[in-house]
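structure-v9.txt (compact mmCIF, C-alpha atoms and all ligand atoms) appears below.
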# COMPACT_ATOMS: atom_id res chain seq x y z
CA MET O 1 83.22 4.74 95.46
CA SER O 2 83.59 0.99 95.36
CA SER O 3 81.41 -1.31 93.25
CA MET O 4 79.57 -2.60 96.34
CA TYR O 5 77.61 0.69 96.19
CA LYS O 6 75.87 -0.66 93.12
CA GLU O 7 74.14 -3.47 95.04
CA PRO O 8 70.76 -2.87 96.76
CA VAL O 9 71.78 -5.32 99.50
CA TYR O 10 74.70 -3.04 100.41
CA TRP O 11 72.29 -0.14 100.97
CA ASP O 12 69.82 -2.28 102.96
CA ASN O 13 72.63 -3.41 105.28
CA ARG O 14 73.98 0.09 105.61
CA TYR O 15 70.58 1.64 106.43
CA GLU O 16 69.88 -1.20 108.88
CA ALA O 17 73.15 -0.37 110.68
CA GLU O 18 72.38 3.37 110.66
CA ARG O 19 68.84 2.92 111.98
CA ALA O 20 69.90 3.82 115.53
CA VAL O 21 71.93 6.85 114.46
CA PRO O 22 70.02 10.12 114.89
CA GLY O 23 69.82 12.26 111.75
CA GLY O 24 71.16 10.66 108.62
CA TYR O 25 74.11 10.82 106.29
CA ASP O 26 74.26 13.38 103.49
CA TRP O 27 76.51 12.64 100.53
CA PHE O 28 78.32 15.63 99.00
CA GLY O 29 77.29 18.05 101.74
CA THR O 30 74.00 19.22 103.16
CA TYR O 31 71.23 21.33 101.64
CA ARG O 32 72.66 24.51 103.19
CA ASP O 33 75.76 24.14 100.98
CA PHE O 34 73.83 24.42 97.69
CA ALA O 35 70.43 25.84 98.75
CA GLU O 36 70.75 29.00 96.62
CA LEU O 37 71.17 26.94 93.48
CA VAL O 38 68.02 24.90 94.18
CA ARG O 39 65.87 27.81 95.43
CA ARG O 40 66.01 29.52 92.04
CA GLU O 41 64.04 26.57 90.62
CA ILE O 42 61.29 26.55 93.27
CA ARG O 43 57.99 28.36 92.64
CA PRO O 44 54.68 28.24 94.51
CA GLY O 45 53.15 24.85 93.74
CA THR O 46 56.39 23.10 92.75
CA ARG O 47 55.91 19.32 92.95
CA GLY O 48 59.14 17.51 93.82
CA LEU O 49 60.62 14.04 93.35
CA VAL O 50 63.84 12.92 95.08
CA LEU O 51 65.58 9.95 93.42
CA GLY O 52 67.58 7.62 95.69
CA CYS O 53 66.74 9.67 98.79
CA GLY O 54 68.75 7.53 101.24
CA ASN O 55 68.56 8.85 104.82
CA SER O 56 69.64 12.34 103.73
CA SER O 57 67.73 15.41 104.97
CA LEU O 58 67.29 16.71 101.40
CA SER O 59 63.61 15.69 101.07
CA VAL O 60 62.66 17.40 104.34
CA ASP O 61 64.72 20.47 103.39
CA LEU O 62 62.82 20.76 100.09
CA HIS O 63 59.53 20.42 101.95
CA LYS O 64 60.58 23.27 104.27
CA GLU O 65 61.26 25.38 101.16
CA GLY O 66 57.63 24.95 100.10
CA VAL O 67 57.97 22.11 97.61
CA SER O 68 54.74 20.13 97.88
CA PRO O 69 54.27 17.27 97.65
CA VAL O 70 57.78 15.89 98.07
CA VAL O 71 57.86 12.29 96.86
CA SER O 72 61.03 10.39 97.77
CA ILE O 73 62.00 7.06 96.27
CA ASP O 74 64.79 4.60 96.94
CA TYR O 75 65.22 0.96 95.97
CA SER O 76 66.23 0.06 99.54
CA PRO O 77 63.11 -1.06 101.46
CA VAL O 78 64.97 -0.64 104.77
CA CYS O 79 65.71 3.00 103.93
CA ILE O 80 62.14 3.81 102.87
CA THR O 81 60.54 2.07 105.87
CA GLU O 82 62.76 4.03 108.24
CA MET O 83 62.30 7.40 106.49
CA ALA O 84 58.50 6.93 106.38
CA ARG O 85 58.51 6.11 110.12
CA LYS O 86 60.74 9.09 111.02
CA HIS O 87 58.67 11.62 109.05
CA ALA O 88 55.22 10.12 109.54
CA GLY O 89 53.63 13.33 110.81
CA ILE O 90 54.66 15.57 107.91
CA PRO O 91 51.86 16.18 105.40
CA ASP O 92 52.58 16.04 101.67
CA MET O 93 55.64 13.82 102.02
CA ARG O 94 55.56 10.35 100.47
CA TRP O 95 58.19 7.61 100.73
CA LEU O 96 58.14 4.84 98.13
CA VAL O 97 60.28 1.80 97.35
CA MET O 98 60.95 2.23 93.64
CA ASP O 99 63.72 1.77 91.11
CA ALA O 100 64.82 5.02 89.46
CA ARG O 101 65.02 3.11 86.15
CA GLN O 102 61.30 2.35 86.22
CA LEU O 103 59.25 5.13 87.74
CA THR O 104 55.56 4.36 88.16
CA PHE O 105 54.38 8.00 87.96
CA PRO O 106 52.33 9.35 85.03
CA ASP O 107 54.00 11.66 82.49
CA GLY O 108 54.52 15.25 83.64
CA SER O 109 53.89 14.54 87.36
CA PHE O 110 56.70 16.73 88.74
CA ASP O 111 58.15 20.22 88.32
CA LEU O 112 61.43 19.41 90.08
CA VAL O 113 63.31 16.10 90.12
CA ILE O 114 66.53 15.97 92.11
CA GLU O 115 69.18 13.36 92.78
CA LYS O 116 72.33 13.53 94.87
CA GLY O 117 74.86 10.71 94.51
CA THR O 118 72.34 8.25 93.06
CA LEU O 119 73.67 8.27 89.51
CA ASP O 120 77.18 8.12 90.97
CA ALA O 121 76.24 4.95 92.85
CA MET O 122 75.04 3.45 89.55
CA MET O 123 78.30 4.29 87.78
CA VAL O 124 80.70 2.92 90.36
CA GLY O 125 81.66 -0.16 88.33
CA GLU O 126 83.37 2.04 85.75
CA ARG O 127 87.15 2.04 85.85
CA ASP O 128 87.75 4.69 83.19
CA PRO O 129 85.51 7.77 82.97
CA TRP O 130 86.68 8.39 79.38
CA ARG O 131 85.38 4.99 78.28
CA VAL O 132 82.05 4.32 79.97
CA SER O 133 80.72 0.83 79.16
CA PRO O 134 77.61 0.48 76.95
CA ASP O 135 75.80 -1.17 79.90
CA THR O 136 76.33 1.85 82.13
CA ILE O 137 75.47 4.31 79.35
CA SER O 138 72.22 2.42 78.89
CA LEU O 139 71.53 2.25 82.67
CA VAL O 140 71.98 6.03 83.02
CA ASP O 141 69.86 6.59 79.90
CA GLN O 142 67.01 4.55 81.43
CA VAL O 143 67.01 6.83 84.49
CA LEU O 144 67.30 10.06 82.48
CA SER O 145 64.54 8.99 80.08
CA GLU O 146 62.28 8.33 83.03
CA VAL O 147 63.18 11.66 84.63
CA SER O 148 62.43 13.49 81.39
CA ARG O 149 59.11 11.65 81.07
CA VAL O 150 57.84 12.47 84.59
CA LEU O 151 58.89 16.13 84.37
CA SER O 152 56.33 18.76 83.37
CA PRO O 153 57.02 20.58 80.06
CA THR O 154 58.84 23.41 81.92
CA GLY O 155 60.19 21.24 84.76
CA CYS O 156 63.74 20.99 85.95
CA PHE O 157 66.10 18.14 86.88
CA ILE O 158 68.94 18.78 89.33
CA SER O 159 71.78 16.30 89.57
CA ILE O 160 74.43 16.65 92.29
CA THR O 161 77.69 14.73 91.90
CA PHE O 162 81.46 14.76 92.16
CA SER O 163 81.68 14.11 88.41
CA ALA O 164 83.09 17.01 86.36
CA PRO O 165 81.44 18.37 83.17
CA HIS O 166 83.81 16.68 80.68
CA PHE O 167 82.67 13.31 82.02
CA ARG O 168 79.06 13.92 83.04
CA THR O 169 77.57 16.54 80.69
CA ARG O 170 77.67 14.18 77.70
CA HIS O 171 75.23 11.83 79.47
CA TYR O 172 72.77 14.67 80.10
CA ALA O 173 73.22 16.47 76.75
CA GLN O 174 71.03 14.17 74.64
CA PRO O 175 68.34 15.89 72.51
CA ALA O 176 65.86 13.06 73.30
CA TYR O 177 65.48 14.37 76.86
CA GLY O 178 64.25 17.78 75.63
CA TRP O 179 66.22 19.88 78.10
CA SER O 180 69.17 22.26 78.34
CA VAL O 181 72.16 21.63 80.62
CA SER O 182 74.06 24.01 82.87
CA CYS O 183 76.55 23.39 85.63
CA ASP O 184 77.45 25.15 88.90
CA THR O 185 79.90 24.21 91.61
CA TYR O 186 79.70 24.47 95.39
CA GLY O 187 81.94 23.58 98.29
CA ARG O 188 85.02 25.11 99.79
CA ASP O 189 88.09 22.85 99.77
CA PHE O 190 86.60 20.24 97.48
CA HIS O 191 84.14 21.30 94.77
CA TYR O 192 81.06 19.32 93.88
CA PHE O 193 79.01 19.83 90.71
CA LEU O 194 75.33 20.73 90.52
CA TYR O 195 73.85 20.22 87.05
CA THR O 196 70.54 21.85 86.15
CA MET O 197 68.55 20.45 83.23
CA ARG O 198 65.61 22.65 82.15
CA LYS O 199 62.85 21.07 80.07
CA GLY O 200 61.65 22.93 77.00
CA ARG O 201 65.01 24.64 76.44
CA GLU O 202 67.61 23.94 73.77
CA LEU O 203 71.02 22.40 74.20
CA THR O 204 73.90 24.64 73.11
CA THR O 205 75.96 23.60 70.08
CA PHE O 206 78.83 22.85 72.43
CA ASP O 207 76.70 20.60 74.64
CA LEU O 208 75.20 18.83 71.60
CA GLU O 209 78.76 18.06 70.53
CA ARG O 210 79.54 16.73 74.01
CA GLY O 211 76.39 14.59 73.88
CA ARG O 212 77.45 13.10 70.54
CA SER O 213 80.85 12.23 72.00
CA LEU O 214 79.17 9.75 74.38
CA HIS O 215 78.72 7.32 71.50
CA ALA O 216 81.86 8.22 69.55
CA PRO O 217 85.25 6.55 70.03
CA PRO O 218 87.03 8.62 72.70
CA ILE O 219 90.12 10.67 71.91
CA LEU O 220 92.30 9.12 74.53
CA PRO O 221 94.83 11.25 76.37
CA GLU O 222 97.69 8.96 75.32
CA THR O 223 97.02 9.69 71.62
CA LEU O 224 97.36 13.45 72.14
CA PRO O 225 100.74 15.17 71.69
CA THR O 226 102.59 15.44 74.97
CA LEU O 227 104.83 18.24 76.16
CA ALA O 228 107.81 15.94 75.89
CA GLU O 229 107.12 15.29 72.18
CA ASN O 230 106.11 18.74 71.09
CA ASP O 231 107.54 21.43 73.28
CA ASP O 232 108.47 24.11 70.75
CA GLU O 233 107.56 26.90 73.09
CA GLU O 234 109.82 25.60 75.86
CA PHE O 235 107.43 27.31 78.23
CA LEU O 236 108.35 25.04 81.12
CA LYS O 237 111.84 26.54 81.12
CA ASN O 238 110.36 30.05 81.15
CA ILE O 239 108.05 29.60 84.11
CA GLN O 240 109.35 31.62 87.05
CA ILE O 241 108.04 30.07 90.26
C1 LIG I 301 75.25 7.62 97.44
S1 LIG I 301 73.64 7.32 98.15
C2 LIG I 301 72.98 8.94 98.18
C3 LIG I 301 71.87 9.08 99.20
C4 LIG I 301 71.24 10.48 99.27
N1 LIG I 301 70.68 10.89 97.98
C5 LIG I 301 72.20 11.54 99.75
O1 LIG I 301 72.32 12.58 99.11
O2 LIG I 301 72.85 11.38 100.79
C6 LIG I 301 72.82 6.55 96.76
C7 LIG I 301 71.37 6.15 97.05
O3 LIG I 301 70.78 5.75 95.81
C8 LIG I 301 69.99 4.61 96.02
N2 LIG I 301 69.90 3.93 94.71
C9 LIG I 301 70.92 3.42 93.97
N3 LIG I 301 70.46 2.91 92.82
C10 LIG I 301 69.12 3.11 92.82
C11 LIG I 301 68.07 2.81 91.89
N4 LIG I 301 68.31 2.16 90.74
N5 LIG I 301 66.81 3.17 92.21
C12 LIG I 301 66.55 3.80 93.38
N6 LIG I 301 67.48 4.09 94.30
C13 LIG I 301 68.76 3.77 94.02
C14 LIG I 301 70.71 3.82 97.12
O4 LIG I 301 69.87 2.92 97.80
C15 LIG I 301 71.19 4.98 98.01
O5 LIG I 301 70.25 5.31 98.99

Output the file's structure in the form of C-alpha cells.
Ligand SMILES: C[S@@+](CC[C@H](N)C(=O)[O-])C[C@H]1O[C@@H](n2cnc3c(N)ncnc32)[C@H](O)[C@@H]1O
Amino acid sequence: MSSMYKEPVYWDNRYEAERAVPGGYDWFGTYRDFAELVRREIRPGTRGLVLGCGNSSLSVDLHKEGVSPVVSIDYSPVCITEMARKHAGIPDMRWLVMDARQLTFPDGSFDLVIEKGTLDAMMVGERDPWRVSPDTISLVDQVLSEVSRVLSPTGCFISITFSAPHFRTRHYAQPAYGWSVSCDTYGRDFHYFLYTMRKGRELTTFDLERGRSLHAPPILPETLPTLAENDDEEFLKNIQI
C-alpha cells in the first residue's frame, strides 16, 4: 500500500470514480472467505459497527447474518453518501461520516466491531514494520481505545489485515483495552489474518510480552547471529533436496 492511502482525499476521489461501478471493491477477499470466523461471534441481538466500511459488501453481509443494527462509518463523505443511497431501503442499517479515531457513540454501544483494511490504510506511511513510528503507534492506539470504549463488556473486535502476528499482535495486546487476542488465517494462495479481540478476557503471558515489545527498543534482525557467523551444525550441508 502506498502512503496516498492515508489521505481522505484519495478515498473521496477513488469512491467518486467507482460510483458508476456496480457492486463495490472488497479488500482482502469477500465475506464468504472468512464468514465462519465471524459467525462464531454473532448471537441474536448482536449490534454491529463497521469501521472504514468503504464500498465493500461487508456491512450488508453482516446484516444478512442477523446483526442489527449495522452501523457503518467511513471518513470519506463520498463513500458514505453513495452507500446510504445504494442501501436506502434496508432497515437497521446506518451510514455515518466519522473518523475511527473519534467515535461519537456512547460507551458499550456495540457487541461486534469489525474493520477490514482500515488500520492497514492508517499504517501505510511506515517503512519498517519492526520499528513503527511513535505517531503511528499513537494513531492506532486512538482507534483501539475508541473501539474498546464502544464495545459492550463481553463484546468482540475483529480486525482483518495482511499484517502477520509478530507485527500486529503487539498493537492489540495492551492490557488497557481489556481484551484477549487470537489470530486465524484464511485464503488459499495468499493468507490473510483475522484477529479476534474478546472483551472481558485476559491476555496470555506471551501476548502481554508482545504488547510490551511495542514500546521497547526492537531486537533488529541484523543484531541476531546469522548462519554465516554461527553455523556449528552445518545443517545446510546436510539438507538433502
Ligand atoms: C483499504 S480501505 C478498506 C475498505 C473496506 N473496509 C473493505 O474491506 O474493502 C480503507 C477504508 O478506511 C477508510 N478510512 C481510513 N482511515 C479512516 C479513519 N481515520 N476513519 C474512518 N475511515 C477511515 C478509508 O476511507 C477507506 O474506505

Which residues, written as a list in words, have at least one atom at most 7 Å from Tyr195 in chain O, with only C-alpha atoms counted and residues fewer than 5 positions away on the same chain left out? Ile158, Ser159, Ile160, Val181, Ser182, Cys183 and Asp184 of chain O

If I take CA of Arg47 in chain O and CA of Cys156 in chain O, how far is one from the other in Å, to one decimal?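 The value is 10.6 Å.
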
Can you list every residue of chain O that has an atom at most 7 Å from ligand LIG 301 (chain I), with its nearest atom pair and the distance in Å to one decimal, using only C-alpha atoms and all ligand atoms, ordered by chain then number, as JSON lines?
{"residue": "O:Lys6", "atom": "CA", "partner": "I:LIG301", "partner_atom": "C9", "distance": 6.5}
{"residue": "O:Pro8", "atom": "CA", "partner": "I:LIG301", "partner_atom": "O4", "distance": 5.9}
{"residue": "O:Trp11", "atom": "CA", "partner": "I:LIG301", "partner_atom": "O4", "distance": 5.0}
{"residue": "O:Tyr25", "atom": "CA", "partner": "I:LIG301", "partner_atom": "O2", "distance": 5.7}
{"residue": "O:Asp26", "atom": "CA", "partner": "I:LIG301", "partner_atom": "O2", "distance": 3.6}
{"residue": "O:Trp27", "atom": "CA", "partner": "I:LIG301", "partner_atom": "O2", "distance": 3.9}
{"residue": "O:Phe28", "atom": "CA", "partner": "I:LIG301", "partner_atom": "O1", "distance": 6.7}
{"residue": "O:Leu51", "atom": "CA", "partner": "I:LIG301", "partner_atom": "N6", "distance": 6.2}
{"residue": "O:Gly52", "atom": "CA", "partner": "I:LIG301", "partner_atom": "O3", "distance": 3.7}
{"residue": "O:Cys53", "atom": "CA", "partner": "I:LIG301", "partner_atom": "N1", "distance": 4.2}
{"residue": "O:Gly54", "atom": "CA", "partner": "I:LIG301", "partner_atom": "O5", "distance": 3.5}
{"residue": "O:Asn55", "atom": "CA", "partner": "I:LIG301", "partner_atom": "C4", "distance": 6.4}
{"residue": "O:Ser56", "atom": "CA", "partner": "I:LIG301", "partner_atom": "O2", "distance": 4.5}
{"residue": "O:Leu58", "atom": "CA", "partner": "I:LIG301", "partner_atom": "O1", "distance": 6.9}
{"residue": "O:Ile73", "atom": "CA", "partner": "I:LIG301", "partner_atom": "C12", "distance": 6.3}
{"residue": "O:Asp74", "atom": "CA", "partner": "I:LIG301", "partner_atom": "N6", "distance": 3.8}
{"residue": "O:Tyr75", "atom": "CA", "partner": "I:LIG301", "partner_atom": "C12", "distance": 4.1}
{"residue": "O:Ser76", "atom": "CA", "partner": "I:LIG301", "partner_atom": "O4", "distance": 4.9}
{"residue": "O:Met98", "atom": "CA", "partner": "I:LIG301", "partner_atom": "C12", "distance": 5.8}
{"residue": "O:Asp99", "atom": "CA", "partner": "I:LIG301", "partner_atom": "N5", "distance": 3.6}
{"residue": "O:Ala100", "atom": "CA", "partner": "I:LIG301", "partner_atom": "N5", "distance": 3.9}
{"residue": "O:Arg101", "atom": "CA", "partner": "I:LIG301", "partner_atom": "N4", "distance": 5.7}
{"residue": "O:Glu115", "atom": "CA", "partner": "I:LIG301", "partner_atom": "N1", "distance": 5.9}
{"residue": "O:Lys116", "atom": "CA", "partner": "I:LIG301", "partner_atom": "O1", "distance": 4.3}
{"residue": "O:Gly117", "atom": "CA", "partner": "I:LIG301", "partner_atom": "C1", "distance": 4.3}
{"residue": "O:Thr118", "atom": "CA", "partner": "I:LIG301", "partner_atom": "O3", "distance": 4.0}
{"residue": "O:Asp120", "atom": "CA", "partner": "I:LIG301", "partner_atom": "C1", "distance": 6.8}
{"residue": "O:Ala121", "atom": "CA", "partner": "I:LIG301", "partner_atom": "C1", "distance": 5.4}
{"residue": "O:Met122", "atom": "CA", "partner": "I:LIG301", "partner_atom": "N3", "distance": 5.7}

Suppose we keep C-alpha atoms; can you now write the selection as a PDB file, in the frame of the given file?
ATOM      1  CA  LYS O   6      75.870  -0.660  93.120  1.00  0.00           C
ATOM      2  CA  PRO O   8      70.760  -2.870  96.760  1.00  0.00           C
ATOM      3  CA  TRP O  11      72.290  -0.140 100.970  1.00  0.00           C
ATOM      4  CA  TYR O  25      74.110  10.820 106.290  1.00  0.00           C
ATOM      5  CA  ASP O  26      74.260  13.380 103.490  1.00  0.00           C
ATOM      6  CA  TRP O  27      76.510  12.640 100.530  1.00  0.00           C
ATOM      7  CA  PHE O  28      78.320  15.630  99.000  1.00  0.00           C
ATOM      8  CA  LEU O  51      65.580   9.950  93.420  1.00  0.00           C
ATOM      9  CA  GLY O  52      67.580   7.620  95.690  1.00  0.00           C
ATOM     10  CA  CYS O  53      66.740   9.670  98.790  1.00  0.00           C
ATOM     11  CA  GLY O  54      68.750   7.530 101.240  1.00  0.00           C
ATOM     12  CA  ASN O  55      68.560   8.850 104.820  1.00  0.00           C
ATOM     13  CA  SER O  56      69.640  12.340 103.730  1.00  0.00           C
ATOM     14  CA  LEU O  58      67.290  16.710 101.400  1.00  0.00           C
ATOM     15  CA  ILE O  73      62.000   7.060  96.270  1.00  0.00           C
ATOM     16  CA  ASP O  74      64.790   4.600  96.940  1.00  0.00           C
ATOM     17  CA  TYR O  75      65.220   0.960  95.970  1.00  0.00           C
ATOM     18  CA  SER O  76      66.230   0.060  99.540  1.00  0.00           C
ATOM     19  CA  MET O  98      60.950   2.230  93.640  1.00  0.00           C
ATOM     20  CA  ASP O  99      63.720   1.770  91.110  1.00  0.00           C
ATOM     21  CA  ALA O 100      64.820   5.020  89.460  1.00  0.00           C
ATOM     22  CA  ARG O 101      65.020   3.110  86.150  1.00  0.00           C
ATOM     23  CA  GLU O 115      69.180  13.360  92.780  1.00  0.00           C
ATOM     24  CA  LYS O 116      72.330  13.530  94.870  1.00  0.00           C
ATOM     25  CA  GLY O 117      74.860  10.710  94.510  1.00  0.00           C
ATOM     26  CA  THR O 118      72.340   8.250  93.060  1.00  0.00           C
ATOM     27  CA  ASP O 120      77.180   8.120  90.970  1.00  0.00           C
ATOM     28  CA  ALA O 121      76.240   4.950  92.850  1.00  0.00           C
ATOM     29  CA  MET O 122      75.040   3.450  89.550  1.00  0.00           C
TER      30      MET O 122
END

Measuring between only C-alpha atoms, which one of O:Thr161, O:Thr81, O:Ser148, O:Thr30 shows the shortest distance to Leu103 in chain O?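 Closest to Leu103 in chain O of all the choices is O:Ser148.
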
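The coordinates place CA of Pro134 in chain O at 15.3 Å from CA of Leu119 in chain O.
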
Just how far from CA of Leu214 in chain O is CA of Arg170 in chain O, in Å to one decimal?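 Separation between CA of Arg170 in chain O and CA of Leu214 in chain O: 5.7 Å.
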
So which residues are close to (69.5, 26.9, 83.1), meaning at most 12 Å away in the file's coordinates with all atoms listed in the file counted, and can you show them as a list in words?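 Those residues, ordered by chain and then number, are Leu37, Val38, Arg40, Glu41, Thr154, Gly155, Cys156, Phe157, Ile158, Trp179, Ser180, Val181, Ser182, Cys183, Asp184, Leu194, Tyr195, Thr196, Met197, Arg198, Lys199, Gly200, Arg201, Glu202, Leu203 and Thr204 of chain O.
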
Quick one: of O:Arg94, O:Arg19, O:Arg32, O:His63, who's nearest to Gly45 in chain O, counting only C-alpha atoms?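 Using only C-alpha atoms, Gly45 in chain O sits closest to O:His63.
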
Counting all atoms listed in the file, the option among O:Met4, O:Val50, O:Ala164, O:Met83 closest to Trp130 in chain O: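 Going through O:Met4, O:Val50, O:Ala164, O:Met83 one by one, the smallest distance to Trp130 in chain O is for O:Ala164.
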
Minimum-distance residue to Phe167 in chain O, chosen among O:Tyr5, O:Trp95, O:Phe110, O:Phe193 (using all atoms listed in the file):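 Using all atoms listed in the file, Phe167 in chain O sits closest to O:Phe193.
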
Which one is closest to Met93 in chain O: O:Asp128, O:Ala216, O:Cys79, O:Leu62? Count all atoms listed in the file.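 Ranked by minimum distance to Met93 in chain O, first place goes to O:Leu62.
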
For Glu209 in chain O, which residue out of O:Arg188, O:Pro77, O:Asp12, O:Gln174 is the nearest one, using all atoms listed in the file? O:Gln174

Need the neighbours of (64.6, 11.4, 110.4): which residues are at most 10 Å away, counting all atoms listed in the file, as a list in words?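 Residues with an atom at most 10 Å from (64.6, 11.4, 110.4): Arg19, Val21, Pro22, Gly23, Gly24, Asn55, Ser56, Ser57, Val60, Glu82, Met83, Ala84, Arg85, Lys86, His87 and Ala88 of chain O.
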